[in-house]
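What follows is a short report on a single structure.
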Amino acid sequence: MDALKRRIADIDHEIAAACERSGRERSDVTVVAVTKQVSAERAEEVISEGIFHLGENRSEGLLGKQQQIKDPVTWHFIGNVQSRKVKDFINQIDYLHALDRISLAKEIQKRADRTINCFVQVNVSGEESKSGLSSEEVGPFLDEVAAFDKIRVVGLMTMAPFTEDTEFIRYVFRSLRELRDDMAAKQLDHAPCSLLSMGMSNDYSIAIEEGATHVRIGTALVGTESEG
């Protein structure tokens, strides 16, 4: 078994175990392979192993890979988004994981030629270094984006702090799930909020136990260019 196959098998085993611990089905969890630091060739190897959700954080990387990759792929744009860059990629993606301000919503409305599935980014931990709305801002924000018919808020997204305090990480993920549940209960047509994008290479098991539907896994899955 080569290195990529081994990593994918190990991650799938961990996801299945986390689902079993939390009484969930493995099919509830979508793996987004974050391919931003590897080549299109490595991304194609990931696709050949049955992972069809890819995540990029720069328009150049996204468009470059799309020119080379011919397989059907669900494209996710992750990370901070500069409003001036929206026009370069917005019609080339399936999901945006970083809607965090009205100015960005306005730019999406202006540039998109179809409805874009968006995760609203929430800064649950309150770290100044992280982007995102506070938990208290999410409800009013969803009310405000109702004016934009090119935006469909499918869920919420967060990043946990980089810490070894697993209980605090769990608290962050649980808080987002509870907030998601509150927003979903509003039954807003433009913001069903059924999904949760949370968990990365170092904490995806905890995220799944707390309800993640999409985990964003980079190096732990795709590796680096210097290895298989």
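So you can find residues: chains in the structure tokens are A, B, ... in the order shown, residues in each start at 1, and ligands are numbered from 1 in order.
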Non-local contacts of Ser134 of chain A (8 Å; only C-alpha atoms; under 5 positions in same chain excluded) as a PDB file with C-alpha atoms, in the first residue's frame:
```pdb
ATOM      1  CA  VAL A 122     -18.115  31.887  13.070  1.00  0.00           C
ATOM      2  CA  ASN A 123     -15.269  32.787  15.417  1.00  0.00           C
ATOM      3  CA  VAL A 124     -16.540  30.720  18.330  1.00  0.00           C
ATOM      4  CA  GLY A 126     -13.102  34.697  20.046  1.00  0.00           C
TER       5      GLY A 126
END
```
(Q) as a ChimeraX atom specification, please: every residue in segment 38-171 of chain A that a backbone DSSP assignment puts in strand (DSSP E). (A) /A:53-56,74-77,95-99,116-121,151-157
Could you turn the residues from that selection into a file that holds C-alpha atoms, as a compact mmCIF listing (two decimals), in the first residue's frame?
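Output file result.txt follows:
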```txt
# COMPACT_ATOMS: atom_id res chain seq x y z
CA HIS A 53 -14.49 16.98 -2.70
CA LEU A 54 -11.45 19.24 -3.03
CA GLY A 55 -10.67 22.45 -1.16
CA GLU A 56 -8.61 25.41 -2.38
CA THR A 74 -17.12 19.21 -6.00
CA TRP A 75 -15.04 22.33 -5.39
CA HIS A 76 -14.86 24.06 -2.02
CA PHE A 77 -13.29 27.48 -1.50
CA TYR A 95 -19.30 25.70 -1.78
CA LEU A 96 -17.81 28.76 -0.09
CA HIS A 97 -16.69 28.12 3.48
CA ALA A 98 -15.89 31.67 4.54
CA LEU A 99 -18.86 34.03 4.32
CA ILE A 116 -23.86 29.81 -4.23
CA ASN A 117 -23.90 27.39 -1.29
CA CYS A 118 -22.21 29.20 1.59
CA PHE A 119 -21.06 28.36 5.09
CA VAL A 120 -21.08 31.35 7.44
CA GLN A 121 -17.78 31.51 9.31
CA ILE A 151 -26.58 33.24 -1.48
CA ARG A 152 -27.87 30.09 0.21
CA VAL A 153 -26.50 29.55 3.71
CA VAL A 154 -26.23 25.77 3.96
CA GLY A 155 -24.45 25.77 7.30
CA LEU A 156 -21.89 27.20 9.69
CA MET A 157 -18.11 26.86 9.76
```
**Q.** Near-Arg6 of chain A list (12 Å; only C-alpha atoms; drop same-chain fewer than 6 positions) as a PyMOL selection string
**A.** chain A and resi 12-13+46+49+220-223+228
Q: May I ask which of the residues A:Ala18, A:Ala147, A:Ile108, A:Ile11 is the closest one to His190 of chain A, counting only C-alpha atoms?
A: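 Of all the options, A:Ala147 lies closest to His190 of chain A.
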Q | Spatial neighbours of Gly199 of chain A, 7 Å, only C-alpha atoms, chain gap at least 2 places, as a list in words | A |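 So the residues in contact are Met159, Asp203, Tyr204, Ala207, Val215 and Arg216 of chain A.
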